[in-house]
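Reviewing the structure listed below.
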Amino acid sequence: MAAIDHKGVIRQFPELEWEASSGSLILSPEKVDEVVSWLKEDPAYRLDYLSCVSGVDYLEKEVKTRVRNEAGKMVFKTSLSPEKMEVVYHFYSMEKKTGPFILKQRVLSRENPVVTSLTPHYGGAELMEREVYDLFGIRFTGHPDLRRILMWEGFQHYPMRKDYVPPNDYEYEPTPHGDVLERARERREELEGQSP
Amino acid sequence: MNSPDLSDQKAVDLSPEGTAKAGVILSSLVWIYNWSRSNSVWPLLFGWACCAIEMIGTAGSRHDIARFGAEVFRPSPRQSDLMIVSGTVTKKMAPQVVRIYNQMPEPKYVIAMGACAISGGPFKQGYNVLKGIDRYIPVDVYLPGCPPRPEALLHSLMTLQKQIKRQKSLGRTITNPAYGEGRRIYPVPELRGDDLFPPFNPEVWTPPAKNPNVEDGCPAGRKSV
C-alpha cells in the first residue's frame, strides 16, 4: 500500500501537530470530530477503514537528550517527560489503496483520561474502544455502550496500565525464582496468618 | 459339544471352565457394571483453546475415539459423564466450569488436558488465568502436553477406563464416589475484586505444605550464590 502524505491535512488544519518521530498526527480530543470527518470525506484521503485502536500508557519519567551548550560541546540535558495516555488509531483507504495513516489522541492525565469516541464515524471502533477502556481505563465520550469487554464487571483495576500490580495468587510455585519467589513467600505467610 | 451330566447335581463343576462348558458365565455384578460403563464414556462437547483442536482431531476418523466407546460428544452436561477440560481456564470462565461440572449426573469423571488445565501452563503468571482446574473440581486423569497429541488423549482415556474398572460400587468398601457419601456438588467461586474467591476449594486442593523443588529459597539442585 502506498504511504499517505500528511501535508494536506496540515494545510487544512494548521494548528495540528505532526509528530515526525512516530509519523502520526496528534489530536486533542475536542478536534477529533471535525478532523476525522474531514479525513473520511476528503477526496485526497478517503480514509474509509479503521484498522486498529490501541491504548498506550506513559508514566512520568526522566528523559535525556543530547544538546549543544554555549561552548559548542554536546552534553546530555535531563528533562521530565510528563505522564500521559494515548489512543492510537490506524487508518487505511480501501478506495485509494493507501495507508496506513496514524492518528493519536493524547491526554496529559492518568487519573481521569477522557478522549472522544470514533464510533459515530466508524462502527468498527466500538469493540476496540471498549477493549481500550477495559484494559487502560481511558473513557470515550460519545461511545454508545462503554462497558468492560474482556475482564468481568466489577474488576477493580486496569490491567494493562504500567503501574498495575496483579493479584498475589502464588500459593504454589513449583520452580520459583526472583520476584515470583518473593511474592510466593508473601502469599504463603498471608495464608498461614488466615488459617488459625 | 459334550453337555455335562446334570442328573446328579453334586457333579456340577462350578469353576469358570466348568460353567463355561455349561454355557453359563459367572461374574460379579460390579465387574459387568464397570466394564459397560468404562466402554461407553460420553464426553461433554466443549473446548477452550488449542487442546480442543487436538480433541476434535481425536474424534475424527484418523485417530477415532469411537474405538474406545467415547465418540458420543454430548452438547449438554445433563447427558455426559466425562468432562475434558481442554485448554486455558481464565478466571472469568472458572465459575462456569464448576457450574457445568455440578450439572453433570453421577458418575462423572474429569480429564485435565494440557499444561494450562493442569497448572495454568505458559500463562501461569498472568493476572487472568486460573492456575489449574484441580483447584475447584476433582480431576481423575492429568494429561500433560502443550497441546497433547491425539494419541496422548486416547492414552488418558484408556487410563480413565482402567480407573473406572477398579471402582467398587457395592459392598463395604465403596470407592466409586457416586455411591459413597461424598458431596459431589462443589461450591462455585465468585469473581470478587480482581481475583476469584475463594482462591481454591480446600476439599479438593490445598497448597503443599512444603515445596519439594525449593530448598532454602532456591530450586533444589542449585546452590544459592
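Order determines the names: the first chain of the C-alpha cells is A, the second B, and so forth; residues in each chain are numbered 1 upward, and ligands are numbered 1 upward as they are shown.
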Please find the residues of chain A near chain B - the criterion being any atom within 7 Å, counting only C-alpha atoms - and write them as a PyMOL selection string. chain A and resi 152+154-156+166-167+171-172+174-175
Within 7 Å of A:Ile138, counting only C-alpha atoms, which residues show up once you throw out same-chain ones fewer than 3 positions away? Write them as a PyMOL selection string, please. chain A and resi 113-114+132-133
Write out the residues from the selection above, keeping C-alpha atoms, as a PDB file, in the first residue's frame.
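Saved file selection01.pdb follows:
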```
ATOM      1  CA  PRO A 113      -8.278  10.238  30.892  1.00  0.00           C
ATOM      2  CA  VAL A 114     -11.173  11.161  28.616  1.00  0.00           C
ATOM      3  CA  VAL A 132      -9.039   0.085  25.426  1.00  0.00           C
ATOM      4  CA  TYR A 133     -11.446   1.200  28.143  1.00  0.00           C
TER       5      TYR A 133
END
```
Between atom CA of A:Lys7 and atom CA of A:Leu103, what distance in Å does the model show, to one decimal?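 Answer for the atom CA of A:Lys7 to atom CA of A:Leu103 separation: 13.9 Å.
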Could you find all residues in stretch 125-212 of chain B that DSSP calls helix (DSSP H, G or I) from the backbone, and write them as a tab-separated table (two decimals) with N, CA, C and O atoms, in the first residue's frame?
```tsv
chain	number	residue	atom	x	y	z
B	133	ILE	N	-7.36	-26.35	36.98
B	133	ILE	CA	-8.78	-26.55	37.27
B	133	ILE	C	-8.93	-27.45	38.48
B	133	ILE	O	-10.00	-27.49	39.11
B	134	ASP	N	-7.88	-28.16	38.90
B	134	ASP	CA	-7.99	-29.03	40.06
B	134	ASP	C	-8.11	-28.24	41.36
B	134	ASP	O	-8.25	-28.84	42.43
B	135	ARG	N	-8.04	-26.92	41.29
B	135	ARG	CA	-8.28	-26.13	42.50
B	135	ARG	C	-9.76	-26.11	42.88
B	135	ARG	O	-10.09	-25.77	44.02
B	150	PRO	N	-3.25	-36.41	19.85
B	150	PRO	CA	-4.44	-37.26	19.99
B	150	PRO	C	-4.14	-38.62	20.62
B	150	PRO	O	-4.94	-39.14	21.39
B	151	GLU	N	-2.97	-39.19	20.31
B	151	GLU	CA	-2.62	-40.48	20.91
B	151	GLU	C	-2.56	-40.35	22.43
B	151	GLU	O	-2.96	-41.26	23.16
B	152	ALA	N	-2.05	-39.20	22.90
B	152	ALA	CA	-1.97	-38.99	24.34
B	152	ALA	C	-3.35	-38.88	24.96
B	152	ALA	O	-3.60	-39.40	26.06
B	153	LEU	N	-4.27	-38.24	24.23
B	153	LEU	CA	-5.64	-38.15	24.76
B	153	LEU	C	-6.27	-39.54	24.82
B	153	LEU	O	-6.96	-39.87	25.79
B	154	LEU	N	-5.98	-40.36	23.79
B	154	LEU	CA	-6.51	-41.73	23.82
B	154	LEU	C	-5.91	-42.49	25.00
B	154	LEU	O	-6.60	-43.26	25.68
B	155	HIS	N	-4.63	-42.25	25.27
B	155	HIS	CA	-4.00	-42.94	26.39
B	155	HIS	C	-4.63	-42.50	27.71
B	155	HIS	O	-4.85	-43.32	28.61
B	156	SER	N	-4.95	-41.21	27.81
B	156	SER	CA	-5.58	-40.75	29.05
B	156	SER	C	-6.97	-41.35	29.19
B	156	SER	O	-7.41	-41.67	30.30
B	157	LEU	N	-7.65	-41.54	28.07
B	157	LEU	CA	-8.98	-42.18	28.14
B	157	LEU	C	-8.84	-43.63	28.58
B	157	LEU	O	-9.63	-44.12	29.41
B	158	MET	N	-7.80	-44.33	28.06
B	158	MET	CA	-7.58	-45.71	28.50
B	158	MET	C	-7.23	-45.77	29.98
B	158	MET	O	-7.65	-46.69	30.70
B	159	THR	N	-6.45	-44.79	30.44
B	159	THR	CA	-6.13	-44.73	31.87
B	159	THR	C	-7.39	-44.54	32.70
B	159	THR	O	-7.58	-45.17	33.74
B	160	LEU	N	-8.27	-43.68	32.19
B	160	LEU	CA	-9.54	-43.46	32.90
B	160	LEU	C	-10.37	-44.74	32.91
B	160	LEU	O	-10.99	-45.08	33.92
B	161	GLN	N	-10.36	-45.48	31.78
B	161	GLN	CA	-11.12	-46.73	31.73
B	161	GLN	C	-10.59	-47.73	32.75
B	161	GLN	O	-11.36	-48.42	33.42
B	162	LYS	N	-9.25	-47.76	32.89
B	162	LYS	CA	-8.68	-48.67	33.91
B	162	LYS	C	-9.14	-48.25	35.30
B	162	LYS	O	-9.44	-49.09	36.15
B	163	GLN	N	-9.17	-46.93	35.54
B	163	GLN	CA	-9.61	-46.45	36.85
B	163	GLN	C	-11.07	-46.81	37.10
B	163	GLN	O	-11.44	-47.21	38.21
B	164	ILE	N	-11.89	-46.68	36.06
B	164	ILE	CA	-13.32	-47.00	36.24
B	164	ILE	C	-13.48	-48.48	36.54
B	164	ILE	O	-14.28	-48.88	37.39
B	165	LYS	N	-12.65	-49.33	35.88
B	165	LYS	CA	-12.79	-50.78	36.10
B	165	LYS	C	-12.36	-51.18	37.50
B	165	LYS	O	-12.74	-52.24	37.98
```
As a PyMOL selection string, please: every residue in stretch 1-142 of chain A that DSSP puts in strand (DSSP E). chain A and resi 17-19+24-27+49-58+61-68+74-81+84-93+98-107+114-116+139-141
So that I can see what lies close to A:Lys96, please list as a short mmCIF file (atom, residue, chain, number, x, y, z; two decimals) with all heavy atoms, in the first residue's frame the residues with an atom at most 10 Å from it, counting only C-alpha atoms and leaving out residues fewer than 5 positions away in the same chain.
```cif
data_model
loop_
_atom_site.label_atom_id
_atom_site.label_comp_id
_atom_site.auth_asym_id
_atom_site.auth_seq_id
_atom_site.Cartn_x
_atom_site.Cartn_y
_atom_site.Cartn_z
N MET A 1 0.84 -1.19 0.00
CA MET A 1 0.00 0.00 0.00
C MET A 1 0.88 1.25 0.00
O MET A 1 1.90 1.30 0.67
CB MET A 1 -0.88 0.02 1.25
CG MET A 1 -2.01 -0.97 1.20
SD MET A 1 -3.52 -0.20 1.74
CE MET A 1 -4.69 -1.49 1.48
N ALA A 2 0.44 2.22 -0.73
CA ALA A 2 1.22 3.46 -0.82
C ALA A 2 1.04 4.27 0.46
O ALA A 2 -0.03 4.26 1.06
CB ALA A 2 0.72 4.28 -2.01
N PRO A 43 -11.44 14.00 -0.84
CA PRO A 43 -11.09 13.09 -1.96
C PRO A 43 -9.61 12.72 -2.00
O PRO A 43 -9.26 11.68 -2.57
CB PRO A 43 -11.51 13.89 -3.20
CG PRO A 43 -11.71 15.29 -2.75
CD PRO A 43 -12.07 15.24 -1.30
N ALA A 44 -8.74 13.52 -1.40
CA ALA A 44 -7.32 13.17 -1.41
C ALA A 44 -7.00 12.10 -0.36
O ALA A 44 -5.97 11.43 -0.46
CB ALA A 44 -6.49 14.42 -1.15
N TYR A 45 -7.84 11.94 0.64
CA TYR A 45 -7.57 10.98 1.72
C TYR A 45 -8.51 9.78 1.66
O TYR A 45 -8.06 8.65 1.51
CB TYR A 45 -7.64 11.67 3.09
CG TYR A 45 -6.42 12.50 3.36
CD1 TYR A 45 -6.39 13.85 3.02
CD2 TYR A 45 -5.28 11.94 3.92
CE1 TYR A 45 -5.26 14.60 3.25
CE2 TYR A 45 -4.15 12.68 4.15
CZ TYR A 45 -4.14 14.02 3.81
OH TYR A 45 -3.02 14.76 4.03
N ARG A 46 -9.81 10.03 1.82
CA ARG A 46 -10.82 8.95 1.80
C ARG A 46 -10.44 7.79 2.73
O ARG A 46 -10.39 6.63 2.32
CB ARG A 46 -11.02 8.43 0.37
CG ARG A 46 -11.59 9.45 -0.59
CD ARG A 46 -13.02 9.78 -0.32
NE ARG A 46 -13.89 8.66 -0.60
CZ ARG A 46 -15.09 8.50 -0.03
NH1 ARG A 46 -15.52 9.39 0.83
NH2 ARG A 46 -15.83 7.47 -0.34
N LEU A 47 -10.17 8.14 4.00
CA LEU A 47 -9.80 7.08 4.95
C LEU A 47 -11.08 6.36 5.37
O LEU A 47 -11.75 6.74 6.32
CB LEU A 47 -9.09 7.67 6.16
CG LEU A 47 -7.79 8.43 5.85
CD1 LEU A 47 -7.21 9.00 7.11
CD2 LEU A 47 -6.79 7.50 5.20
N ASP A 48 -11.41 5.29 4.66
CA ASP A 48 -12.70 4.65 4.91
C ASP A 48 -12.59 3.42 5.80
O ASP A 48 -13.59 2.77 6.08
CB ASP A 48 -13.37 4.28 3.58
CG ASP A 48 -12.43 3.55 2.65
OD1 ASP A 48 -11.35 3.13 3.12
OD2 ASP A 48 -12.75 3.43 1.46
#
```
Distance query B:Gly171 at most 12 Å, only C-alpha atoms, self and fewer than 5 positions along chain excluded, as a tab-separated table (two decimals) with all heavy atoms, in the first residue's frame:
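out_3.tsv was written with the following content:
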```tsv
chain	number	residue	atom	x	y	z
B	28	SER	N	-18.95	-61.06	38.60
B	28	SER	CA	-19.54	-60.20	39.62
B	28	SER	C	-20.32	-59.10	38.93
B	28	SER	O	-19.99	-58.66	37.83
B	28	SER	CB	-18.46	-59.61	40.51
B	28	SER	OG	-17.69	-58.69	39.78
B	29	LEU	N	-21.36	-58.63	39.59
B	29	LEU	CA	-22.20	-57.58	39.04
B	29	LEU	C	-21.38	-56.31	38.82
B	29	LEU	O	-21.53	-55.62	37.81
B	29	LEU	CB	-23.36	-57.33	40.01
B	29	LEU	CG	-24.46	-56.41	39.53
B	29	LEU	CD1	-25.13	-56.99	38.31
B	29	LEU	CD2	-25.48	-56.20	40.64
B	30	VAL	N	-20.49	-56.03	39.76
B	30	VAL	CA	-19.69	-54.81	39.68
B	30	VAL	C	-18.79	-54.84	38.46
B	30	VAL	O	-18.61	-53.84	37.78
B	30	VAL	CB	-18.88	-54.64	40.98
B	30	VAL	CG1	-17.88	-53.52	40.85
B	30	VAL	CG2	-19.81	-54.40	42.14
B	176	ASN	N	-16.33	-45.95	44.39
B	176	ASN	CA	-16.97	-45.10	43.40
B	176	ASN	C	-17.67	-43.95	44.12
B	176	ASN	O	-18.61	-44.16	44.88
B	176	ASN	CB	-18.00	-45.93	42.61
B	176	ASN	CG	-18.58	-45.15	41.46
B	176	ASN	OD1	-18.48	-43.93	41.43
B	176	ASN	ND2	-19.19	-45.85	40.54
B	179	TYR	N	-21.47	-43.55	44.66
B	179	TYR	CA	-22.23	-44.37	45.59
B	179	TYR	C	-21.79	-44.14	47.02
B	179	TYR	O	-22.31	-44.76	47.92
B	179	TYR	CB	-22.08	-45.85	45.22
B	179	TYR	CG	-22.65	-46.14	43.86
B	179	TYR	CD1	-21.87	-46.03	42.72
B	179	TYR	CD2	-23.98	-46.49	43.72
B	179	TYR	CE1	-22.39	-46.26	41.47
B	179	TYR	CE2	-24.51	-46.73	42.47
B	179	TYR	CZ	-23.72	-46.62	41.36
B	179	TYR	OH	-24.25	-46.85	40.13
B	180	GLY	N	-20.84	-43.29	47.24
B	180	GLY	CA	-20.37	-43.01	48.59
B	180	GLY	C	-21.18	-41.88	49.19
B	180	GLY	O	-22.23	-41.48	48.69
```
Please determine, counting only C-alpha atoms, which residue among B:Phe123, B:Arg67, B:Ala59, B:Pro43 has the shortest atom-to-atom distance to B:Ile84. B:Pro43
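Relative to atom CA of B:Arg166, atom CA of B:Tyr33 is found at 11.0 Å.
Shortest atom-to-atom contact with A:Met94 among A:Glu153, A:Trp18, A:Tyr49, A:Asp42: A:Tyr49, counting only C-alpha atoms.
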Point-to-point distance from atom CA of B:Ala70 to atom CA of B:Asn39, Å rounded to tenths: 7.3 Å
Could you give me, as a list in words, the residues within 8 Å of A:Ile26, counting only C-alpha atoms and dropping anything in the same chain fewer than 2 positions from it? Leu16, Glu17, Trp18, Glu19, Ser24, Ser28, Leu103, Lys104, Gln105 and Arg106 of chain A
Expected file contents, prior selection, all heavy atoms, as a PDB file, in the first residue's frame:
```pdb
ATOM      1  N   LEU A  16      -2.778  21.743  13.913  1.00  0.00           N
ATOM      2  CA  LEU A  16      -2.490  20.374  14.344  1.00  0.00           C
ATOM      3  C   LEU A  16      -0.985  20.124  14.358  1.00  0.00           C
ATOM      4  O   LEU A  16      -0.224  20.730  13.608  1.00  0.00           O
ATOM      5  CB  LEU A  16      -3.165  19.359  13.409  1.00  0.00           C
ATOM      6  CG  LEU A  16      -4.680  19.327  13.439  1.00  0.00           C
ATOM      7  CD1 LEU A  16      -5.178  18.204  12.563  1.00  0.00           C
ATOM      8  CD2 LEU A  16      -5.195  19.143  14.851  1.00  0.00           C
ATOM      9  N   GLU A  17      -0.598  19.189  15.227  1.00  0.00           N
ATOM     10  CA  GLU A  17       0.831  18.869  15.364  1.00  0.00           C
ATOM     11  C   GLU A  17       1.110  17.541  14.655  1.00  0.00           C
ATOM     12  O   GLU A  17       0.372  16.577  14.796  1.00  0.00           O
ATOM     13  CB  GLU A  17       1.168  18.735  16.857  1.00  0.00           C
ATOM     14  CG  GLU A  17       2.620  18.420  17.125  1.00  0.00           C
ATOM     15  CD  GLU A  17       2.841  17.964  18.563  1.00  0.00           C
ATOM     16  OE1 GLU A  17       1.936  18.181  19.397  1.00  0.00           O
ATOM     17  OE2 GLU A  17       3.908  17.396  18.833  1.00  0.00           O
ATOM     18  N   TRP A  18       2.184  17.522  13.875  1.00  0.00           N
ATOM     19  CA  TRP A  18       2.641  16.286  13.235  1.00  0.00           C
ATOM     20  C   TRP A  18       3.873  15.802  13.967  1.00  0.00           C
ATOM     21  O   TRP A  18       4.876  16.516  14.034  1.00  0.00           O
ATOM     22  CB  TRP A  18       2.946  16.526  11.759  1.00  0.00           C
ATOM     23  CG  TRP A  18       3.512  15.306  11.090  1.00  0.00           C
ATOM     24  CD1 TRP A  18       4.819  15.056  10.814  1.00  0.00           C
ATOM     25  CD2 TRP A  18       2.789  14.171  10.620  1.00  0.00           C
ATOM     26  NE1 TRP A  18       4.956  13.844  10.224  1.00  0.00           N
ATOM     27  CE2 TRP A  18       3.719  13.270  10.085  1.00  0.00           C
ATOM     28  CE3 TRP A  18       1.432  13.821  10.615  1.00  0.00           C
ATOM     29  CZ2 TRP A  18       3.348  12.050   9.534  1.00  0.00           C
ATOM     30  CZ3 TRP A  18       1.077  12.604  10.074  1.00  0.00           C
ATOM     31  CH2 TRP A  18       2.023  11.729   9.539  1.00  0.00           C
ATOM     32  N   GLU A  19       3.787  14.616  14.554  1.00  0.00           N
ATOM     33  CA  GLU A  19       4.930  14.070  15.294  1.00  0.00           C
ATOM     34  C   GLU A  19       5.746  13.222  14.341  1.00  0.00           C
ATOM     35  O   GLU A  19       5.340  12.110  13.984  1.00  0.00           O
ATOM     36  CB  GLU A  19       4.429  13.241  16.476  1.00  0.00           C
ATOM     37  CG  GLU A  19       5.520  12.884  17.463  1.00  0.00           C
ATOM     38  CD  GLU A  19       4.963  12.074  18.628  1.00  0.00           C
ATOM     39  OE1 GLU A  19       4.542  10.936  18.396  1.00  0.00           O
ATOM     40  OE2 GLU A  19       4.953  12.582  19.749  1.00  0.00           O
ATOM     41  N   SER A  24       2.907  10.365  13.108  1.00  0.00           N
ATOM     42  CA  SER A  24       1.484  10.368  13.425  1.00  0.00           C
ATOM     43  C   SER A  24       0.993  11.785  13.660  1.00  0.00           C
ATOM     44  O   SER A  24       1.750  12.686  13.992  1.00  0.00           O
ATOM     45  CB  SER A  24       1.215   9.514  14.668  1.00  0.00           C
ATOM     46  OG  SER A  24       1.957  10.029  15.747  1.00  0.00           O
ATOM     47  N   SER A  28      -6.027  16.791  19.792  1.00  0.00           N
ATOM     48  CA  SER A  28      -6.638  16.937  21.109  1.00  0.00           C
ATOM     49  C   SER A  28      -8.086  16.465  20.984  1.00  0.00           C
ATOM     50  O   SER A  28      -8.687  16.571  19.909  1.00  0.00           O
ATOM     51  CB  SER A  28      -6.565  18.393  21.573  1.00  0.00           C
ATOM     52  OG  SER A  28      -7.240  19.210  20.656  1.00  0.00           O
ATOM     53  N   LEU A 103      -3.154   8.248  13.641  1.00  0.00           N
ATOM     54  CA  LEU A 103      -3.728   9.390  14.345  1.00  0.00           C
ATOM     55  C   LEU A 103      -3.711   9.081  15.837  1.00  0.00           C
ATOM     56  O   LEU A 103      -4.008   7.953  16.234  1.00  0.00           O
ATOM     57  CB  LEU A 103      -5.158   9.557  13.846  1.00  0.00           C
ATOM     58  CG  LEU A 103      -5.935  10.809  14.121  1.00  0.00           C
ATOM     59  CD1 LEU A 103      -6.837  11.059  12.945  1.00  0.00           C
ATOM     60  CD2 LEU A 103      -6.753  10.642  15.360  1.00  0.00           C
ATOM     61  N   LYS A 104      -3.308  10.082  16.640  1.00  0.00           N
ATOM     62  CA  LYS A 104      -3.224   9.832  18.084  1.00  0.00           C
ATOM     63  C   LYS A 104      -4.054  10.857  18.832  1.00  0.00           C
ATOM     64  O   LYS A 104      -3.979  12.046  18.526  1.00  0.00           O
ATOM     65  CB  LYS A 104      -1.775   9.978  18.562  1.00  0.00           C
ATOM     66  CG  LYS A 104      -0.880   8.810  18.324  1.00  0.00           C
ATOM     67  CD  LYS A 104       0.469   9.103  18.937  1.00  0.00           C
ATOM     68  CE  LYS A 104       1.476   8.031  18.624  1.00  0.00           C
ATOM     69  NZ  LYS A 104       2.791   8.395  19.172  1.00  0.00           N
ATOM     70  N   GLN A 105      -4.801  10.362  19.809  1.00  0.00           N
ATOM     71  CA  GLN A 105      -5.414  11.284  20.771  1.00  0.00           C
ATOM     72  C   GLN A 105      -4.578  11.216  22.032  1.00  0.00           C
ATOM     73  O   GLN A 105      -4.324  10.134  22.553  1.00  0.00           O
ATOM     74  CB  GLN A 105      -6.840  10.868  21.090  1.00  0.00           C
ATOM     75  CG  GLN A 105      -7.781  10.993  19.943  1.00  0.00           C
ATOM     76  CD  GLN A 105      -9.223  10.872  20.429  1.00  0.00           C
ATOM     77  OE1 GLN A 105      -9.675  11.690  21.203  1.00  0.00           O
ATOM     78  NE2 GLN A 105      -9.912   9.851  19.968  1.00  0.00           N
ATOM     79  N   ARG A 106      -4.173  12.383  22.532  1.00  0.00           N
ATOM     80  CA  ARG A 106      -3.262  12.399  23.691  1.00  0.00           C
ATOM     81  C   ARG A 106      -3.905  13.184  24.820  1.00  0.00           C
ATOM     82  O   ARG A 106      -4.428  14.270  24.600  1.00  0.00           O
ATOM     83  CB  ARG A 106      -1.942  13.053  23.278  1.00  0.00           C
ATOM     84  CG  ARG A 106      -0.914  13.109  24.380  1.00  0.00           C
ATOM     85  CD  ARG A 106       0.378  13.671  23.852  1.00  0.00           C
ATOM     86  NE  ARG A 106       1.084  12.704  23.017  1.00  0.00           N
ATOM     87  CZ  ARG A 106       2.162  13.002  22.300  1.00  0.00           C
ATOM     88  NH1 ARG A 106       2.638  14.230  22.287  1.00  0.00           N
ATOM     89  NH2 ARG A 106       2.755  12.066  21.579  1.00  0.00           N
TER      90      ARG A 106
END
```
7 Å contact set for B:Phe73, only C-alpha atoms, chain neighbours under 5 positions out, as JSON, numbers by chain: {"B": [42, 43, 44, 45]}
Can you work out which one of B:Met104, B:Val129, B:Ile65, B:Val204 has the shortest atom-to-atom distance to B:Gln79, counting only C-alpha atoms? B:Met104
Long-range neighbours of B:Ile53 as number ranges by chain, 12 Å cut-off, only C-alpha atoms, 6 positions minimum in chain: B: 46-47, 59-60, 86-87, 113-114, 146-150, 153
